[in-house]
Amino acid sequence: MSGPRVEILDSATDVAERAAARIAAACAAPSPVLGLATGRTPLAVYAALRERIAPGGLRLDHATFFNLDEYAGLPPGHPASFASYMRRELFDPASVPEGRWHLPDGNGGPAEADGYEAAIAAAGGIGLQLLGIGRNGHVGFNEPGAAHDSRTRRVRLTEQTRQANAPDFPAGTPVPEHAVTMGIGTILEAREILLLATGAAKAEALAAALEGPVTEAVPASALQRHPRVTVLCDVAAGRNLRRMAA
Ligand code: PGA
């Protein structure tokens with residue numbers, strides 16, 4: 001088994017540029033379907049994409065997007081929701097029409113979660129899925145212990161994740177305790193996966209995910225089973241890896 005291909009780049013800026021170039025290439029196809037992620041890591045990727053959007057240049061308005069996850073319990077339009085994040089960072093500046101971008105319904109139940117899976121399937125499946133990694137090895141909001149064949153569903157967030165995301169919420173506003181996330185099984189069905197990790201805080205999780213055992217204790221370790229994973233990390237996030245850049 002060859003496992004994920006790892007590129008260790010000099011800086012977080014290089015990671016963002018490389019990721020943006022890969023996404024732009026995927027969007028050169030006629031009907032691209034992309035899976036997107038939120039969090040701090042992809043912010044620079046979306047900034048790089050915004051810079052590339054130009055008449056005669058990069059267009060994203062013909063692509064279909066499915067995001068990994070959404071908080072539960074936030075009213076529509078809440079500024080800390082992932083829907084608001086995506087509109088702000090990419091969908092509005094890139095003029096992606098409503099109906100072409102999708103997030104799980106954070107306030108939905110099992111029927112809405114199943115509907116999300118059905119929408120992905122109806123679009124032809126996800127061609128390229130962008131992923132971050134949590135300090136506890138989570139992907140999407142699949143926290144440690146999540147089954148590797150899990151599907152889109154409501155989950156409880158760990159304290160660590162809630163604390164990591166607290167800066168996105170106004171002072172005094174608690175981070176939701178639940179969310180709806182694509183499952184690990186859902187993510188693994190993407191035809192290609194691009195995992196981004198930047199900063200020393202991710203070094204341990206990244207090494208465990210790529211070089212440790214495949215285990216439900218480290219959700220991202222499931223990616224070792226996927227045939228087409230590229231990991232883009234900076235030297236700080238890659239410093240615990242035994243292997244060197246491809
Ligand atoms: P971050 O989140 O990019 O904000 O570090 C990554 C994640 O939790 O998946």
# chains A, B, ... in the order shown; residues from 1 in each chain; ligands from 1

$ residues_near_ligand --ligand "ligand 1" --cutoff "9 Å" --atoms "only C-alpha atoms and all ligand atoms" --output "ChimeraX atom specification"
/A:37-43,131-141,161,164-165,196-199,201-202

$ select_by_dssp --residues "region 45-230 of chain A" --states "helix (DSSP H, G or I)" --output "MDAnalysis selection string"
chainID A and resid 45:52 82:91 110:122 159:168 184:188 200:211 219:225

$ closest_residue --among "A:Leu103, A:Val6, A:Val96, A:Cys27" --to "Arg228 (chain A)" --atoms "only C-alpha atoms"
A:Val6

$ residues_around --residues "Pro104 (chain A)" --least-positions-apart "4" --cutoff "10 Å" --atoms "only C-alpha atoms" --output "list in words"
Phe66, Asn67, Leu68, Asp69, Glu70, Tyr71, Ala72, Phe82, Ala83, Gly108, Glu112, Ala113, Asp114, Gly115, Tyr116, Glu117, Thr152, Arg153, Arg154, Ala179, Val180, Thr181 and Met182 of chain A

$ select_by_dssp --residues "region 34-240 of chain A" --states "strand (DSSP E)" --output "PyMOL selection string"
chain A and resi 34-36+64-67+69-71+101-102+128-131+153-156+178-181+192-197+229-234

$ closest_atom_pairs --of "region 20-131 of chain A" --to "region 229-241 of chain A" --cutoff "10 Å" --atoms "only C-alpha atoms" --output "JSON lines"
{"residue": "A:Leu128", "atom": "CA", "partner": "A:Val229", "partner_atom": "CA", "distance": 9.7}
{"residue": "A:Gln129", "atom": "CA", "partner": "A:Val229", "partner_atom": "CA", "distance": 9.5}
{"residue": "A:Leu130", "atom": "CA", "partner": "A:Thr230", "partner_atom": "CA", "distance": 9.9}
{"residue": "A:Leu131", "atom": "CA", "partner": "A:Val231", "partner_atom": "CA", "distance": 9.3}

$ closest_residue --among "A:Ala54, A:Ile187, A:Ala44, A:Leu223" --to "Gly127 (chain A)" --atoms "only C-alpha atoms"
A:Ile187

$ residues_around --residues "Pro227 (chain A)" --least-positions-apart "4" --cutoff "10 Å" --atoms "only C-alpha atoms" --output "ChimeraX atom specification"
/A:1-5,188,191-193,223

$ write_last_selection --atoms "N, CA, C and O atoms" --output "tab-separated table (two decimals), in the first residue's frame"
chain	number	residue	atom	x	y	z
A	1	MET	N	0.85	-1.20	0.00
A	1	MET	CA	0.00	0.00	0.00
A	1	MET	C	0.88	1.24	0.00
A	1	MET	O	1.78	1.38	0.81
A	2	SER	N	0.62	2.17	-0.93
A	2	SER	CA	1.48	3.34	-1.00
A	2	SER	C	1.07	4.39	0.02
A	2	SER	O	1.92	5.09	0.57
A	3	GLY	N	-0.21	4.52	0.30
A	3	GLY	CA	-0.66	5.48	1.30
A	3	GLY	C	-0.68	6.89	0.76
A	3	GLY	O	-0.37	7.13	-0.41
A	4	PRO	N	-1.06	7.84	1.62
A	4	PRO	CA	-1.16	9.23	1.18
A	4	PRO	C	0.17	9.77	0.67
A	4	PRO	O	1.23	9.42	1.16
A	5	ARG	N	0.08	10.63	-0.32
A	5	ARG	CA	1.26	11.32	-0.84
A	5	ARG	C	1.42	12.61	-0.03
A	5	ARG	O	0.45	13.37	0.12
A	188	LEU	N	-14.68	9.25	2.63
A	188	LEU	CA	-13.82	8.30	1.91
A	188	LEU	C	-14.35	7.98	0.50
A	188	LEU	O	-13.63	7.42	-0.32
A	191	ARG	N	-13.56	10.97	-4.72
A	191	ARG	CA	-12.60	10.29	-5.60
A	191	ARG	C	-11.17	10.71	-5.30
A	191	ARG	O	-10.23	9.95	-5.50
A	192	GLU	N	-11.01	11.92	-4.78
A	192	GLU	CA	-9.68	12.40	-4.43
A	192	GLU	C	-9.80	13.29	-3.19
A	192	GLU	O	-10.79	14.00	-3.05
A	193	ILE	N	-8.80	13.24	-2.33
A	193	ILE	CA	-8.84	14.00	-1.08
A	193	ILE	C	-7.57	14.83	-0.95
A	193	ILE	O	-6.47	14.35	-1.23
A	223	LEU	N	-7.82	7.82	6.39
A	223	LEU	CA	-7.37	8.25	5.06
A	223	LEU	C	-6.28	7.34	4.51
A	223	LEU	O	-6.06	7.31	3.30

$ atom_distance --atom1 "CA of Ala24 (chain A)" --atom2 "CA of Val45 (chain A)"
10.7 Å

$ atom_distance --atom1 "CA of Thr64 (chain A)" --atom2 "CA of Asp105 (chain A)"
16.8 Å

$ closest_atom_pairs --of "region 109-151 of chain A" --to "region 156-159 of chain A" --cutoff "9 Å" --atoms "only C-alpha atoms" --output "tab-separated table"
residue	atom	partner	partner_atom	distance
A:Phe141	CA	A:Leu157	CA	7.1
A:Asn142	CA	A:Leu157	CA	8.5
A:Glu143	CA	A:Leu157	CA	7.1
A:Pro144	CA	A:Thr158	CA	8.9

$ write_last_selection --atoms "N, CA and C atoms" --output "PDB file, in the first residue's frame"
ATOM      1  N   PHE A 141     -16.434  16.982  11.556  1.00  0.00           N
ATOM      2  CA  PHE A 141     -16.628  16.923  13.005  1.00  0.00           C
ATOM      3  C   PHE A 141     -16.720  15.460  13.461  1.00  0.00           C
ATOM      4  N   ASN A 142     -15.977  14.605  12.785  1.00  0.00           N
ATOM      5  CA  ASN A 142     -15.881  13.213  13.234  1.00  0.00           C
ATOM      6  C   ASN A 142     -14.801  13.147  14.300  1.00  0.00           C
ATOM      7  N   GLU A 143     -15.239  13.123  15.536  1.00  0.00           N
ATOM      8  CA  GLU A 143     -14.320  13.158  16.669  1.00  0.00           C
ATOM      9  C   GLU A 143     -13.776  11.744  16.932  1.00  0.00           C
ATOM     10  N   PRO A 144     -12.705  11.634  17.729  1.00  0.00           N
ATOM     11  CA  PRO A 144     -12.161  10.309  18.035  1.00  0.00           C
ATOM     12  C   PRO A 144     -13.245   9.336  18.488  1.00  0.00           C
TER      13      PRO A 144
END

$ atom_distance --atom1 "CA of Leu195 (chain A)" --atom2 "CA of Ala121 (chain A)"
21.8 Å

$ residues_around --residues "Phe65 (chain A)" --least-positions-apart "6" --cutoff "7 Å" --atoms "only C-alpha atoms" --output "CSV table (one decimal) with N, CA, C and O atoms, in the first residue's frame"
chain,number,residue,atom,x,y,z
A,33,VAL,N,-17.6,18.8,-8.9
A,33,VAL,CA,-18.3,18.7,-7.6
A,33,VAL,C,-17.2,18.6,-6.6
A,33,VAL,O,-16.4,17.7,-6.6
A,34,LEU,N,-17.2,19.6,-5.7
A,34,LEU,CA,-16.1,19.7,-4.7
A,34,LEU,C,-16.7,19.6,-3.3
A,34,LEU,O,-17.8,20.2,-3.0
A,35,GLY,N,-15.9,19.0,-2.4
A,35,GLY,CA,-16.2,19.0,-1.0
A,35,GLY,C,-15.3,20.1,-0.4
A,35,GLY,O,-14.1,20.1,-0.6
A,36,LEU,N,-15.9,20.9,0.5
A,36,LEU,CA,-15.1,22.0,1.1
A,36,LEU,C,-15.1,21.9,2.6
A,36,LEU,O,-16.0,21.2,3.2
A,100,ARG,N,-26.3,25.8,-5.7
A,100,ARG,CA,-25.0,25.1,-6.1
A,100,ARG,C,-24.1,24.8,-4.9
A,100,ARG,O,-23.1,24.2,-5.1
A,101,TRP,N,-24.4,25.5,-3.8
A,101,TRP,CA,-23.6,25.2,-2.6
A,101,TRP,C,-24.5,24.6,-1.5
A,101,TRP,O,-25.6,25.0,-1.4
A,102,HIS,N,-23.9,23.7,-0.8
A,102,HIS,CA,-24.7,22.9,0.1
A,102,HIS,C,-23.9,22.7,1.4
A,102,HIS,O,-22.7,22.5,1.4

$ residues_around --residues "Arg151 (chain A)" --least-positions-apart "6" --cutoff "7 Å" --atoms "only C-alpha atoms" --output "JSON, numbers by chain"
{"A": [182, 183, 184, 185, 186]}
